>>> print(open('data.pdb').read())   # PDB, C-alpha atoms
ATOM      1  CA  MET S  82       0.000   0.000   0.000
ATOM      2  CA  LYS S  83       1.185   3.511  -0.817
ATOM      3  CA  LEU S  84       1.473   5.963   2.090
ATOM      4  CA  ILE S  85       0.342   9.589   1.646
ATOM      5  CA  GLN S  86       1.553  12.044   4.284
ATOM      6  CA  SER S  87       1.361  15.431   2.540
ATOM      7  CA  ARG S  88      -1.757  17.526   2.036
ATOM      8  CA  ASP S  89      -0.127  18.760  -1.179
ATOM      9  CA  ASN S  90      -0.461  15.300  -2.714
ATOM     10  CA  ALA S  91      -2.660  15.513  -5.833
ATOM     11  CA  PHE S  92      -4.698  12.440  -4.923
ATOM     12  CA  PHE S  93      -5.359  13.752  -1.419
ATOM     13  CA  LYS S  94      -6.504  17.083  -2.877
ATOM     14  CA  GLN S  95      -8.973  15.182  -5.037
ATOM     15  CA  LEU S  96     -10.258  13.300  -1.988
ATOM     16  CA  LYS S  97     -10.743  16.589  -0.161
ATOM     17  CA  ARG S  98     -12.746  17.990  -3.060
ATOM     18  CA  LEU S  99     -14.961  14.879  -3.029
ATOM     19  CA  ALA S 100     -15.434  15.223   0.718
ATOM     20  CA  GLU S 101     -16.369  18.906   0.628
ATOM     21  CA  SER S 102     -17.926  19.712  -2.743
ATOM     22  CA  GLY S 103     -21.248  18.564  -4.125
ATOM     23  CA  ARG S 104     -20.221  20.063  -7.457
ATOM     24  CA  GLU S 105     -17.121  17.849  -7.522
ATOM     25  CA  ARG S 106     -19.168  14.759  -6.696
ATOM     26  CA  ARG S 107     -21.597  15.559  -9.509
ATOM     27  CA  LYS S 108     -18.737  16.284 -11.921
ATOM     28  CA  THR S 109     -16.866  13.037 -11.221
ATOM     29  CA  GLY S 110     -19.889  10.869 -10.440
ATOM     30  CA  GLN S 111     -18.059   9.661  -7.334
ATOM     31  CA  THR S 112     -18.485   9.879  -3.577
ATOM     32  CA  LEU S 113     -16.860   8.638  -0.364
ATOM     33  CA  LEU S 114     -18.004   5.907   2.003
ATOM     34  CA  ASP S 115     -16.874   6.174   5.619
ATOM     35  CA  GLY S 116     -16.584   3.164   7.890
ATOM     36  CA  LEU S 117     -16.303  -0.600   7.643
ATOM     37  CA  HIS S 118     -20.066  -1.197   7.928
ATOM     38  CA  LEU S 119     -20.819   1.053   4.966
ATOM     39  CA  VAL S 120     -18.064  -0.480   2.846
ATOM     40  CA  HIS S 121     -19.344  -3.992   3.661
ATOM     41  CA  ALA S 122     -22.897  -2.920   2.736
ATOM     42  CA  TRP S 123     -21.703  -1.532  -0.597
ATOM     43  CA  GLU S 124     -19.761  -4.673  -1.464
ATOM     44  CA  ALA S 125     -22.672  -6.922  -0.507
ATOM     45  CA  SER S 126     -25.026  -5.132  -2.896
ATOM     46  CA  ARG S 127     -22.817  -3.462  -5.520
ATOM     47  CA  GLY S 128     -19.524  -5.339  -5.651
ATOM     48  CA  PRO S 129     -15.950  -4.133  -5.028
ATOM     49  CA  VAL S 130     -15.258  -0.473  -4.247
ATOM     50  CA  GLU S 131     -13.009   1.483  -6.585
ATOM     51  CA  GLN S 132     -10.420   2.594  -4.039
ATOM     52  CA  LEU S 133      -9.765   1.782  -0.380
ATOM     53  CA  LEU S 134      -8.165   4.298   1.985
ATOM     54  CA  VAL S 135      -7.037   3.417   5.474
ATOM     55  CA  SER S 136      -5.482   5.527   8.207
ATOM     56  CA  GLU S 137      -2.064   4.643   9.597
ATOM     57  CA  SER S 138      -3.403   4.010  13.090
ATOM     58  CA  ALA S 139      -6.128   1.650  11.837
ATOM     59  CA  LEU S 140      -3.444  -0.723  10.580
ATOM     60  CA  ALA S 141      -2.274  -1.402  14.137
ATOM     61  CA  GLY S 142      -4.921  -4.104  14.602
ATOM     62  CA  GLY S 143      -8.634  -4.765  14.800
ATOM     63  CA  GLU S 144     -11.397  -5.266  12.231
ATOM     64  CA  ILE S 145     -10.196  -2.669   9.747
ATOM     65  CA  ALA S 146      -6.649  -4.014   9.721
ATOM     66  CA  ALA S 147      -8.005  -7.534   9.146
ATOM     67  CA  TYR S 148     -10.299  -6.306   6.375
ATOM     68  CA  VAL S 149      -7.594  -4.493   4.373
ATOM     69  CA  ASP S 150      -4.961  -7.197   4.846
ATOM     70  CA  GLY S 151      -3.899  -8.380   1.404
ATOM     71  CA  ARG S 152      -5.976  -5.754  -0.416
ATOM     72  CA  ASP S 153      -4.763  -2.942  -2.618
ATOM     73  CA  GLY S 154      -5.309   0.519  -1.200
ATOM     74  CA  ILE S 155      -3.766   3.736   0.036
ATOM     75  CA  ILE S 156      -2.654   4.587   3.552
ATOM     76  CA  LEU S 157      -3.405   8.110   4.755
ATOM     77  CA  ALA S 158      -1.594   9.768   7.623
ATOM     78  CA  ASP S 159      -4.011  10.149  10.535
ATOM     79  CA  SER S 160      -3.834  13.941  10.251
ATOM     80  CA  LEU S 161      -4.958  13.771   6.617
ATOM     81  CA  MET S 162      -7.830  11.424   7.462
ATOM     82  CA  ARG S 163      -9.009  13.931  10.087
ATOM     83  CA  GLU S 164      -8.574  16.809   7.651
ATOM     84  CA  LEU S 165     -11.091  15.280   5.278
ATOM     85  CA  GLY S 166     -13.643  16.122   7.963
ATOM     86  CA  LEU S 167     -16.306  13.570   7.095
ATOM     87  CA  VAL S 168     -17.047  12.942  10.774
ATOM     88  CA  ASP S 169     -15.712  14.269  14.077
ATOM     89  CA  THR S 170     -14.064  10.932  14.872
ATOM     90  CA  PRO S 171     -12.857   9.220  11.663
ATOM     91  CA  SER S 172     -13.458   5.491  11.465
ATOM     92  CA  GLY S 173     -10.081   4.893   9.843
ATOM     93  CA  LEU S 174     -11.492   3.441   6.606
ATOM     94  CA  LEU S 175     -12.800   5.201   3.504
ATOM     95  CA  ALA S 176     -13.728   4.023   0.030
ATOM     96  CA  VAL S 177     -14.198   5.824  -3.261
ATOM     97  CA  VAL S 178     -17.196   4.596  -5.273
ATOM     98  CA  SER S 179     -19.176   5.700  -8.304
ATOM     99  CA  VAL S 180     -22.685   6.944  -7.526
ATOM    100  CA  PRO S 181     -25.230   4.464  -8.957
ATOM    101  CA  GLN S 182     -27.463   5.751 -11.721
ATOM    102  CA  ALA S 183     -31.069   6.280 -10.649
ATOM    103  CA  LYS S 184     -33.923   4.534 -12.432
ATOM    104  CA  ALA S 185     -35.481   6.485 -15.285
ATOM    105  CA  ALA S 186     -38.495   7.539 -13.212
ATOM    106  CA  PRO S 187     -40.108   6.858  -9.825
ATOM    107  CA  ASP S 188     -42.821   4.197  -9.628
ATOM    108  CA  LEU S 189     -46.375   5.553  -9.404
ATOM    109  CA  ASP S 190     -47.855   2.317  -8.057
ATOM    110  CA  CYS S 191     -45.798   1.435  -4.989
ATOM    111  CA  ASP S 192     -44.979   2.907  -1.577
ATOM    112  CA  ALA S 193     -42.811   6.005  -1.553
ATOM    113  CA  VAL S 194     -41.306   8.497   0.854
ATOM    114  CA  LEU S 195     -41.168  12.100  -0.365
ATOM    115  CA  LEU S 196     -38.875  14.632   1.329
ATOM    116  CA  ASP S 197     -39.735  18.304   1.037
ATOM    117  CA  GLY S 198     -36.797  20.602   1.760
ATOM    118  CA  VAL S 199     -35.123  18.379   4.371
ATOM    119  CA  GLN S 200     -31.696  20.004   4.563
ATOM    120  CA  ASP S 201     -29.970  18.273   7.474
ATOM    121  CA  PRO S 202     -27.707  15.473   6.160
ATOM    122  CA  GLY S 203     -28.227  13.363   9.266
ATOM    123  CA  ASN S 204     -31.982  13.545   8.922
ATOM    124  CA  VAL S 205     -31.927  12.676   5.217
ATOM    125  CA  GLY S 206     -29.712   9.659   5.870
ATOM    126  CA  THR S 207     -31.840   8.532   8.802
ATOM    127  CA  LEU S 208     -35.010   8.912   6.731
ATOM    128  CA  LEU S 209     -33.521   6.738   4.002
ATOM    129  CA  ARG S 210     -32.544   4.140   6.584
ATOM    130  CA  THR S 211     -36.006   4.196   8.162
ATOM    131  CA  ALA S 212     -37.705   3.873   4.771
ATOM    132  CA  ALA S 213     -35.533   0.878   3.917
ATOM    133  CA  ALA S 214     -36.248  -0.747   7.293
ATOM    134  CA  ALA S 215     -39.995  -0.303   6.743
ATOM    135  CA  GLY S 216     -39.835  -1.945   3.325
ATOM    136  CA  VAL S 217     -40.289   1.223   1.268
ATOM    137  CA  ARG S 218     -38.213   0.848  -1.882
ATOM    138  CA  GLN S 219     -38.138   4.403  -3.228
ATOM    139  CA  VAL S 220     -37.372   7.815  -1.726
ATOM    140  CA  LEU S 221     -37.927  11.044  -3.661
ATOM    141  CA  LEU S 222     -36.072  14.215  -2.664
ATOM    142  CA  GLY S 223     -37.456  17.560  -3.750
ATOM    143  CA  PRO S 224     -35.311  20.617  -4.495
ATOM    144  CA  GLY S 225     -33.600  22.034  -1.423
ATOM    145  CA  CYS S 226     -32.920  18.699   0.285
ATOM    146  CA  ALA S 227     -29.426  17.698   1.338
ATOM    147  CA  ALA S 228     -27.619  15.854  -1.450
ATOM    148  CA  ALA S 229     -28.465  12.184  -1.053
ATOM    149  CA  TRP S 230     -24.992  10.897  -1.942
ATOM    150  CA  ALA S 231     -23.019  13.296   0.235
ATOM    151  CA  PRO S 232     -20.690  11.406   2.610
ATOM    152  CA  LYS S 233     -22.518  12.525   5.773
ATOM    153  CA  VAL S 234     -25.876  11.416   4.349
ATOM    154  CA  LEU S 235     -24.368   8.076   3.360
ATOM    155  CA  ARG S 236     -22.930   7.659   6.843
ATOM    156  CA  ALA S 237     -26.339   8.282   8.445
ATOM    157  CA  GLY S 238     -28.053   5.981   5.934
ATOM    158  CA  GLN S 239     -25.815   3.038   6.933
ATOM    159  CA  GLY S 240     -26.333   1.200   3.651
ATOM    160  CA  ALA S 241     -29.944   2.173   2.934
ATOM    161  CA  HIS S 242     -28.862   3.914  -0.289
ATOM    162  CA  PHE S 243     -27.865   0.557  -1.741
ATOM    163  CA  VAL S 244     -31.269  -1.107  -1.279
ATOM    164  CA  VAL S 245     -33.575   1.864  -1.965
ATOM    165  CA  ASP S 246     -34.120   3.706  -5.250
ATOM    166  CA  VAL S 247     -33.147   7.336  -4.612
ATOM    167  CA  PHE S 248     -34.401  10.157  -6.827
ATOM    168  CA  GLU S 249     -33.200  13.745  -6.420
ATOM    169  CA  ASP S 250     -34.583  17.134  -7.488
ATOM    170  CA  VAL S 251     -38.026  15.638  -8.096
ATOM    171  CA  ASP S 252     -41.106  17.769  -8.750
ATOM    172  CA  LEU S 253     -43.009  16.320  -5.810
ATOM    173  CA  ALA S 254     -46.322  18.002  -6.636
ATOM    174  CA  ALA S 255     -46.271  16.564 -10.149
ATOM    175  CA  TYR S 256     -45.480  13.111  -8.771
ATOM    176  CA  LEU S 257     -48.403  13.304  -6.322
ATOM    177  CA  ALA S 258     -50.733  14.441  -9.106
ATOM    178  CA  ASP S 259     -49.996  11.238 -11.036
ATOM    179  CA  TYR S 260     -49.619   8.872  -8.075
ATOM    180  CA  ARG S 261     -52.026   5.936  -8.251
ATOM    181  CA  GLY S 262     -52.035   5.093  -4.551
ATOM    182  CA  THR S 263     -52.930   7.213  -1.516
ATOM    183  CA  SER S 264     -50.793  10.213  -0.626
ATOM    184  CA  ALA S 265     -50.423  11.245   3.018
ATOM    185  CA  VAL S 266     -48.865  14.345   4.531
ATOM    186  CA  THR S 267     -47.954  15.066   8.134
ATOM    187  CA  CYS S 268     -49.287  18.440   9.290
ATOM    188  CA  LEU S 269     -51.476  20.005  11.997
ATOM    189  CA  ASP S 270     -54.252  21.987  10.336
ATOM    190  CA  GLY S 271     -57.248  19.846   9.431
ATOM    191  CA  ALA S 272     -55.362  16.645  10.191
ATOM    192  CA  SER S 273     -56.726  13.345  11.482
ATOM    193  CA  SER S 274     -54.929  11.152  13.982
ATOM    194  CA  LEU S 275     -52.484   8.740  12.393
ATOM    195  CA  TYR S 276     -53.975   5.955  14.509
ATOM    196  CA  SER S 277     -57.653   6.497  13.637
ATOM    197  CA  SER S 278     -57.328   7.298   9.930
ATOM    198  CA  HIS S 279     -58.150   4.758   7.251
ATOM    199  CA  TRP S 280     -56.181   3.866   4.147
ATOM    200  CA  GLN S 281     -55.349   0.892   1.964
ATOM    201  CA  GLY S 282     -53.073   0.092  -0.915
ATOM    202  CA  PRO S 283     -49.752   1.804  -1.655
ATOM    203  CA  LEU S 284     -48.889   5.010   0.198
ATOM    204  CA  ALA S 285     -46.789   8.040  -0.676
ATOM    205  CA  TRP S 286     -45.693   9.686   2.572
ATOM    206  CA  VAL S 287     -44.679  13.357   2.481
ATOM    207  CA  PHE S 288     -42.365  14.656   5.203
ATOM    208  CA  GLY S 289     -41.251  18.262   5.426
ATOM    209  CA  ALA S 290     -38.318  20.404   6.421
ATOM    210  CA  GLU S 291     -37.214  20.558  10.027
ATOM    211  CA  GLY S 292     -38.504  24.079  10.667
ATOM    212  CA  GLN S 293     -41.122  24.898   8.047
ATOM    213  CA  GLY S 294     -42.792  21.530   7.664
ATOM    214  CA  VAL S 295     -44.416  20.465   4.406
ATOM    215  CA  SER S 296     -45.081  23.252   1.910
ATOM    216  CA  PRO S 297     -48.705  24.397   1.474
ATOM    217  CA  ALA S 298     -48.728  23.210  -2.146
ATOM    218  CA  LEU S 299     -47.881  19.651  -1.147
ATOM    219  CA  ILE S 300     -50.338  19.689   1.758
ATOM    220  CA  ASP S 301     -53.049  20.615  -0.734
ATOM    221  CA  ALA S 302     -51.881  17.929  -3.165
ATOM    222  CA  ALA S 303     -52.028  15.080  -0.631
ATOM    223  CA  ARG S 304     -55.214  13.056  -0.111
ATOM    224  CA  LEU S 305     -54.692  12.438   3.618
ATOM    225  CA  ARG S 306     -53.644  14.937   6.299
ATOM    226  CA  LEU S 307     -52.322  13.143   9.339
ATOM    227  CA  CYS S 308     -50.924  14.122  12.711
ATOM    228  CA  ILE S 309     -49.198  12.080  15.414
ATOM    229  CA  PRO S 310     -50.950  12.375  18.793
ATOM    230  CA  MET S 311     -48.479  13.694  21.376
ATOM    231  CA  PRO S 312     -49.880  13.680  24.910
ATOM    232  CA  GLY S 313     -46.541  14.722  26.370
ATOM    233  CA  ALA S 314     -45.125  18.173  27.034
ATOM    234  CA  VAL S 315     -43.586  18.777  23.586
ATOM    235  CA  GLU S 316     -45.306  20.087  20.481
ATOM    236  CA  SER S 317     -43.354  18.447  17.692
ATOM    237  CA  LEU S 318     -40.986  15.651  16.698
ATOM    238  CA  ASN S 319     -37.822  15.652  14.658
ATOM    239  CA  VAL S 320     -38.757  14.828  11.053
ATOM    240  CA  ALA S 321     -36.864  11.521  11.132
ATOM    241  CA  ALA S 322     -38.626  10.469  14.348
ATOM    242  CA  ALA S 323     -42.031  11.457  12.939
ATOM    243  CA  ALA S 324     -41.367   9.460   9.782
ATOM    244  CA  ALA S 325     -40.421   6.389  11.822
ATOM    245  CA  VAL S 326     -43.711   6.573  13.744
ATOM    246  CA  CYS S 327     -45.741   6.859  10.521
ATOM    247  CA  LEU S 328     -43.914   4.222   8.513
ATOM    248  CA  PHE S 329     -44.001   1.631  11.246
ATOM    249  CA  GLU S 330     -47.694   2.279  11.877
ATOM    250  CA  MET S 331     -48.085   1.313   8.212
ATOM    251  CA  VAL S 332     -45.985  -1.802   8.823
ATOM    252  CA  ARG S 333     -48.018  -2.700  11.925
ATOM    253  CA  ARG S 334     -51.350  -2.452  10.129
ATOM    254  CA  ARG S 335     -50.201  -4.505   7.192
ATOM    255  CA  SER S 336     -48.764  -7.216   9.408
ATOM    256  CA  GLU S 337     -52.080  -7.476  11.266
ATOM    257  CA  ASN S 338     -54.040  -7.742   8.012
ATOM    258  CA  ARG S 339     -52.020 -10.613   6.546
TER
END
>>> encode(input="data.pdb", output="structure tokens")
Amino acid sequence: MKLIQSRDNAFFKQLKRLAESGRERRKTGQTLLDGLHLVHAWEASRGPVEQLLVSESALAGGEIAAYVDGRDGIILADSLMRELGLVDTPSGLLAVVSVPQAKAAPDLDCDAVLLDGVQDPGNVGTLLRTAAAAGVRQVLLGPGCAAAWAPKVLRAGQGAHFVVDVFEDVDLAAYLADYRGTSAVTCLDGASSLYSSHWQGPLAWVFGAEGQGVSPALIDAARLRLCIPMPGAVESLNVAAAAAVCLFEMVRRRSENR
């Protein structure tokens, strides 16, 4: 394995651009995976990664050292791994991969999760992970959402990207207009309780930005307005937590009706 110790190294500069710039990721069609779990998940579903990068200290022993033993890759000085800034505490293992091409168009006949202006990378990744866990196979991101294939979103998704169809910059209102199942939006005004409402067939769930919630246009476009009863002393939930409640209520009902 080749050791890189200088931040002036051309390859390291390219890694830094991938880590920091959405424009660079779009230009190259590549992104970075951080951590052994994410690399394993990629290889299980997509095959070998294009380039492995391991920190000097990670070679001292443990799971990462065992994983890279006998593999081609590049060793980064610990200071350079930290400088990439993907997470506060680097895992010690990175991989360069090509972003998979999305399907031509989202499916209008199956379950979907639609994200309206969700900007926090951790929330977008967690929402993808929750959708995958609930059996939803497609997630649509409207304009203004965090980039789905950014390293921090991938880290939070923990492999969900590789089992869910991800669509970005989608006209969510147009999708809802053509959707052949039932669309549901989480909001307060004119909403029915999630637990007493009735639905059947495929569902398109719309979840909104952390502060503003779902846009008025999408609230109007949805067939169901739902709220989560909260008898406690708080008025709202984080969008990822709210989505988990809704999606697993869907799972619960379907499991009972089998």
>>> residues_around(input="data.pdb", residues="range 89-106 of chain S", least_positions_apart="6", cutoff="9 Å", atoms="only C-alpha atoms", output="ChimeraX atom specification")
/S:112-113,157,161,164-167,177,180,228,230-232
>>> resolve_selection(input="data.pdb", expression="the PyMOL selection byres ((chain S and resi 302) around 12)", output="number ranges by chain")
S: 253-260, 263-266, 285-287, 295-301, 303-306
>>> axis_aligned_box(input="data.pdb", around="range 136-147 of chain S", padding_each_side="3 Å", output="JSON")
{"center_x": -6.7, "center_y": -1.0, "center_z": 11.5, "size_x": 15.3, "size_y": 19.1, "size_z": 12.6}
>>> closest_residue(input="data.pdb", among="S:Val168, S:Met162, S:Ala324, S:Val178", to="Glu291 in chain S", atoms="only C-alpha atoms")
S:Ala324
>>> atom_distance(input="data.pdb", atom1="CA of Ala227 in chain S", atom2="CA of Ser126 in chain S")
23.6 Å
>>> closest_residue(input="data.pdb", among="S:Ile309, S:Ala186, S:Ile155, S:Ala314", to="Asp252 in chain S", atoms="all atoms listed in the file")
S:Ala186
>>> residues_near_point(input="data.pdb", point="(-27.1, -3.2, 5.2)", cutoff="9 Å", atoms="all atoms listed in the file", output="count of residues only")
12
>>> residues_around(input="data.pdb", residues="Val205 in chain S", least_positions_apart="2", cutoff="8 Å", atoms="all atoms listed in the file", output="ChimeraX atom specification")
/S:199-203,207-209,226-227,229,234,237-238,321
>>> write_last_selection(input="data.pdb", atoms="C-alpha atoms", output="PDB file, in the frame of the given file")
ATOM      1  CA  VAL S 199     -35.123  18.379   4.371  1.00  0.00           C
ATOM      2  CA  GLN S 200     -31.696  20.004   4.563  1.00  0.00           C
ATOM      3  CA  ASP S 201     -29.970  18.273   7.474  1.00  0.00           C
ATOM      4  CA  PRO S 202     -27.707  15.473   6.160  1.00  0.00           C
ATOM      5  CA  GLY S 203     -28.227  13.363   9.266  1.00  0.00           C
ATOM      6  CA  THR S 207     -31.840   8.532   8.802  1.00  0.00           C
ATOM      7  CA  LEU S 208     -35.010   8.912   6.731  1.00  0.00           C
ATOM      8  CA  LEU S 209     -33.521   6.738   4.002  1.00  0.00           C
ATOM      9  CA  CYS S 226     -32.920  18.699   0.285  1.00  0.00           C
ATOM     10  CA  ALA S 227     -29.426  17.698   1.338  1.00  0.00           C
ATOM     11  CA  ALA S 229     -28.465  12.184  -1.053  1.00  0.00           C
ATOM     12  CA  VAL S 234     -25.876  11.416   4.349  1.00  0.00           C
ATOM     13  CA  ALA S 237     -26.339   8.282   8.445  1.00  0.00           C
ATOM     14  CA  GLY S 238     -28.053   5.981   5.934  1.00  0.00           C
ATOM     15  CA  ALA S 321     -36.864  11.521  11.132  1.00  0.00           C
TER      16      ALA S 321
END
>>> closest_residue(input="data.pdb", among="S:Ala193, S:Ala158, S:Val135, S:Leu269", to="Gly282 in chain S", atoms="all atoms listed in the file")
S:Ala193
>>> atom_distance(input="data.pdb", atom1="CA of Asp197 in chain S", atom2="CA of Leu328 in chain S")
16.5 Å
>>> atom_distance(input="data.pdb", atom1="CA of Ala183 in chain S", atom2="CA of Phe248 in chain S")
6.4 Å
>>> closest_residue(input="data.pdb", among="S:Asp159, S:Phe288, S:Leu117, S:Gly271", to="Ala147 in chain S", atoms="all atoms listed in the file")
S:Leu117
>>> closest_residue(input="data.pdb", among="S:Ala290, S:Ala215, S:Ala272, S:Leu133", to="Glu330 in chain S", atoms="only C-alpha atoms")
S:Ala215
>>> closest_residue(input="data.pdb", among="S:Leu140, S:Cys308, S:Val332, S:Leu275", to="Ala213 in chain S", atoms="all atoms listed in the file")
S:Val332
>>> residues_around(input="data.pdb", residues="Ile156 in chain S", least_positions_apart="3", cutoff="9 Å", atoms="only C-alpha atoms", output="number ranges by chain")
S: 82-86, 133-137, 140
